[in-house]
Amino acid sequence: MKAGVIGVSALPVGRHQGENADLLLYRLLRDALDDAGVDKSEVQALFTTPEGFTVRCTKIRAARLAEYMGLELRSALVVENGGASSALGVKSLVREIEAGRVDVGVVFSSEVEKYKFSPPEDLHAIMDINALYLPHDCLYGLMTATPYYALSMQRYMWEYGISHEEIAKVAVLLRENAGRNPLAQYRDPITVEDVLASRPVSPPIRLLDCSPASDGGAAVVIASEEYIKRRRKDAAYITGIGEWHDDSHFIPPTDGITHFPAIAKATAEAMDAAGRKIEDVDVAEVYGVFTSSELITYEDVGFFSRGKAPEAVAAGETAIGGSIPINPSGGRLSFGHPFYVTPLLEIAEIYWQLTGKAGERQVRDPRVGLAEAEHGMMNGSIVLVLEV
Amino acid sequence: MTQPMGWPDWRDVDGRMLEFLERLKEREFATTFCDDCETCFFPPQGFCPECFSEKVSFKEPEGKATLYAFTQIDRSFRFAAPDVIGVVEIEGVRGRVLSRIDAPIEELEIGMDLTLDFIDVGEGYLLHQFRPAMPAGA
Ligand SMILES: [Zn+2]
């Protein structure tokens with residue numbers, strides 16, 4: 001039994017400070033069901049993520065959300081595995097549908113994050129963030145993922161002889177795409193010079209090499225093929241899923257940091273399950289959080305060989321009218337990056353693209369789409385193939 | 001509720017990080033060695049990631065240290081900002097060592113040989129750091 005996406009909803013990415021994250025979720029669910037033309041009584045599964053990265057996370061969350069919305073469910077789950085969480089939620093829901101337990105379900109997530117911390121009130125949040133970066137790393141006060149990606153970008157430039165100028169072009173292109181996305185956080189055009197002149201964060205990474213930390217929310221309604229046919233819905237079928245987790249969280253013990261094997265392995269599994277080759281993909285959304293990791297991801301998914309992504313971007317191959325449009329939404333860099341929500345935004349964009357609903361950024365007649373999400377420094381990856 | 005050096009107690013699964021810090025105080029940079037499969041691994045932990053043995057003991061790695069990659073953090077909460085950090089590879093050790101590098105970033109190159117060093121961080125603690133090895137004859 002195949003499963004397909006039949007409706008989505010999403011909030012503008014940016015700041016939703018002062019709003020209640022749960023209330024945002026309830027509205028997202030209502031709007032996604034409206035979009036799908038599904039009645040609330042038909043929802044049998046509800047999968048979500050924790051509340052956010054910097055805020056307090058509660059227990060028994062899925063049941064509490066269901067109670068507020070008056071939903072009786074056959075399946076309820078909170079999924080946590082960093083940035084891959086909501087994509088893993090989609091996978092779990094697809095498996096429930098494939099197993100024949102569920103006809104219609106929703107994966108949703110919202111984030112209203114905290115951007116300023118004041119000890120001692122926020123000590124717990126600070127400790128939890130610090131603890132992400134392994135005991136020996138946090139001794140040096142890392143506190144963010146940026147230095148890790150800076151190390152990766154430095155070696156990527158060094159190993160392949162690539163300049164920052166060549167890397168910066170992808171930020172410019174993503175911003176151009178975001179200019180056509182009304183939900184995107186950053187929409188004003190930028191130039192390569194702007195990227196190179198932006199504030200140094202962790203050399204060689206500068207501010208415009210980074211994705212922003214964002215608030216946002218999205219919901220994805222998924223149904224069985226039988227339901228889709230019976231109710232005559234437009235659907236983007238999920239035809240292949242792949243997943244891989246390395247034995248490392250940030251810096252791998254032996255493997256390189258200029259390619260991310262988990263992405264290649266997850267993509268291979270997803271392609272195999274879909275009976276597709278990478279050349280069949282017409283549009284992709286990937287989880288690139290920095291310019292360099294964006295480019296490396298293009299290479300590991302298999303669109304370009306190693307060290308060749310910058311040149312492909314410069315040649316326009318990844319642009320909306322190019323041979324393989326990647327991140328037409330503006331990507332994490334310019335669409336914005338509420339990290340638990342991001343995979344759902346990627347899947348929403350692929351759904352919009354495959355069903356011809358992507359407006360000004362519509363790719364021409366795509367049939368096969370790919371969405372990729374990750375956790376750690378790409379140490380874990382999940383890839384979904386969607387088709388119409 | 002926190003361990004020394006400001007890291008959360010729930011990451012110290014088996015007490016080996018505390019022992020690591022205690023040994024650093026004696027200017028000893030030692031990590032864990034599996035007595036069963038003879039893997040030397042970093043960070044120190046009480047459970048061998050290769051063979052699951054809990055028969056591990058501390059050992060000072062003797063292999064050559066080289067600089068794998070480096071960057072600078074401008075919001076270091078422990079050291080004066082900006083501060084240089086790097087990933088160090090030590091021959092014979094499974095796992096790379098993230099460390100402060102005691103040199104201006106302009107003077108560093110990927111692949112250069114490094115020498116182990118220590119830095120006083122107050123409260124009675126020392127941390128490991130590395131600096132470029134003196135070129136032969138210098
Ligand atoms: Zn062992």
# chains A, B, ... in the order shown; residues from 1 in each chain; ligands from 1

call {"tool": "residues_near_ligand", "arguments": {"ligand": "ligand 1", "cutoff": "12 Å", "atoms": "only C-alpha atoms and all ligand atoms", "output": "list in words"}}
result
Thr32, Phe33, Cys34, Asp35, Asp36, Cys37, Glu38, Thr39, Cys40, Phe41, Gln45, Gly46, Phe47, Cys48, Pro49, Glu50, Cys51, Phe52, Ser53, Glu54, Lys55, Val56, Ser57 and Arg94 of chain B

call {"tool": "interface_residues", "arguments": {"of": "chain A", "to": "chain B", "cutoff": "8 Å", "atoms": "only C-alpha atoms", "output": "ChimeraX atom specification"}}
result
/A:127-128,130-131,134-142,147,150-152,154-155,201-204,251-254

call {"tool": "write_last_selection", "arguments": {"atoms": "C-alpha atoms", "output": "short mmCIF file (atom, residue, chain, number, x, y, z; two decimals), in the first residue's frame"}}
result
data_model
loop_
_atom_site.label_atom_id
_atom_site.label_comp_id
_atom_site.auth_asym_id
_atom_site.auth_seq_id
_atom_site.Cartn_x
_atom_site.Cartn_y
_atom_site.Cartn_z
CA MET A 127 23.56 23.25 29.36
CA ASP A 128 21.49 21.21 26.94
CA ASN A 130 26.36 22.81 25.26
CA ALA A 131 25.88 19.08 25.78
CA LEU A 134 30.36 16.24 23.36
CA PRO A 135 32.09 16.66 26.72
CA HIS A 136 35.54 17.32 25.30
CA ASP A 137 34.28 19.77 22.67
CA CYS A 138 32.16 21.83 25.03
CA LEU A 139 35.20 22.25 27.28
CA TYR A 140 36.33 24.72 24.64
CA GLY A 141 33.00 26.51 24.68
CA LEU A 142 31.80 25.70 21.18
CA PRO A 147 32.82 26.04 13.94
CA ALA A 150 33.87 26.01 9.28
CA LEU A 151 36.37 23.16 9.66
CA SER A 152 34.57 21.25 6.91
CA GLN A 154 38.14 25.02 5.18
CA ARG A 155 39.11 21.51 4.16
CA VAL A 201 31.65 34.26 12.01
CA SER A 202 34.10 31.35 12.14
CA PRO A 203 36.67 31.50 9.33
CA PRO A 204 36.16 30.82 6.49
CA ILE A 251 33.53 15.05 13.63
CA PRO A 252 33.76 11.44 12.43
CA PRO A 253 36.55 9.37 14.05
CA THR A 254 38.19 8.42 10.75
#

call {"tool": "select_by_dssp", "arguments": {"residues": "region 154-303 of chain A", "states": "strand (DSSP E or B)", "output": "number ranges by chain"}}
result
A: 200-202, 205-206, 210, 215-224, 236-245, 283-285, 290

call {"tool": "write_last_selection", "arguments": {"atoms": "C-alpha atoms", "output": "CSV table (one decimal), in the first residue's frame"}}
result
chain,number,residue,atom,x,y,z
A,200,PRO,CA,33.3,36.8,9.7
A,201,VAL,CA,31.7,34.3,12.0
A,202,SER,CA,34.1,31.3,12.1
A,205,ILE,CA,32.4,31.1,7.3
A,206,ARG,CA,30.9,34.5,7.1
A,210,CYS,CA,25.0,30.7,7.2
A,215,ASP,CA,10.7,30.3,14.0
A,216,GLY,CA,8.1,28.6,11.8
A,217,GLY,CA,5.7,25.7,11.4
A,218,ALA,CA,4.3,23.3,8.8
A,219,ALA,CA,2.0,20.3,8.6
A,220,VAL,CA,1.9,17.5,6.0
A,221,VAL,CA,-1.2,15.3,5.4
A,222,ILE,CA,-0.4,11.8,4.1
A,223,ALA,CA,-2.9,9.2,3.0
A,224,SER,CA,-3.0,5.7,1.6
A,236,ALA,CA,2.6,13.3,-4.5
A,237,TYR,CA,3.4,9.6,-3.8
A,238,ILE,CA,6.3,8.8,-1.5
A,239,THR,CA,7.9,6.1,-3.6
A,240,GLY,CA,11.2,5.6,-1.8
A,241,ILE,CA,12.8,6.3,1.6
A,242,GLY,CA,16.4,5.9,2.7
A,243,GLU,CA,18.1,6.5,6.0
A,244,TRP,CA,21.6,6.2,7.4
A,245,HIS,CA,23.3,7.2,10.7
A,283,VAL,CA,13.6,18.9,-8.5
A,284,ALA,CA,15.2,18.6,-5.0
A,285,GLU,CA,15.1,20.2,-1.6
A,290,PHE,CA,25.9,26.6,5.3

call {"tool": "atom_distance", "arguments": {"atom1": "CA of Ala30 (chain B)", "atom2": "CA of His128 (chain B)"}}
result
10.1 Å

call {"tool": "closest_residue", "arguments": {"among": "B:Ala80, B:Val88, B:Leu126, B:Ile119", "to": "Gly63 (chain B)", "atoms": "only C-alpha atoms"}}
result
B:Val88

call {"tool": "select_by_dssp", "arguments": {"residues": "region 9-253 of chain A", "states": "alpha helix (DSSP H)", "output": "VMD selection string"}}
result
chain A and resid 21 to 36 61 to 69 85 to 98 123 to 131 135 to 138 146 to 160 164 to 178 192 to 197 225 to 230

call {"tool": "residues_around", "arguments": {"residues": "Thr66 (chain B)", "least_positions_apart": "5", "cutoff": "8 Å", "atoms": "only C-alpha atoms", "output": "list in words"}}
result
Val88, Glu89, Ile90, Gly111, Met112, Asp113 and Leu114 of chain B

call {"tool": "residues_around", "arguments": {"residues": "region 23-38 of chain A", "least_positions_apart": "6", "cutoff": "9 Å", "atoms": "only C-alpha atoms", "output": "list in words"}}
result
Val5, Ile6, Gly7, Val8, Ser9, Ala10, Leu11, Leu65, Tyr68, Met69, Val104, Val106, Val107, Phe108, Ser109, Ser110, Glu111, Gly216, Gly217, Ala218, Ala219, Val220, Val221, Lys233 and Asp234 of chain A

call {"tool": "residues_around", "arguments": {"residues": "Thr54 (chain A)", "least_positions_apart": "5", "cutoff": "10 Å", "atoms": "only C-alpha atoms", "output": "list in words"}}
result
Glu111, Val112, Glu113, Lys114, Tyr115, Lys116, Phe117, Asp122, His124, Ala125, Ile126, Asp128 and Ile129 of chain A

call {"tool": "closest_residue", "arguments": {"among": "A:Val192, A:Val13, A:Met153, A:Val78", "to": "His259 (chain A)", "atoms": "only C-alpha atoms"}}
result
A:Met153

call {"tool": "residues_around", "arguments": {"residues": "region 179-191 of chain A", "least_positions_apart": "2", "cutoff": "8 Å", "atoms": "only C-alpha atoms", "output": "list in words"}}
result
Leu11, Pro12, Val13, Gly14, Lys169, Val172, Arg175, Glu176, Asn177, Glu193, Asp194, Val195, Ser329, Gly330, Ser334, Phe335, Gly336, Glu360 and Arg361 of chain A
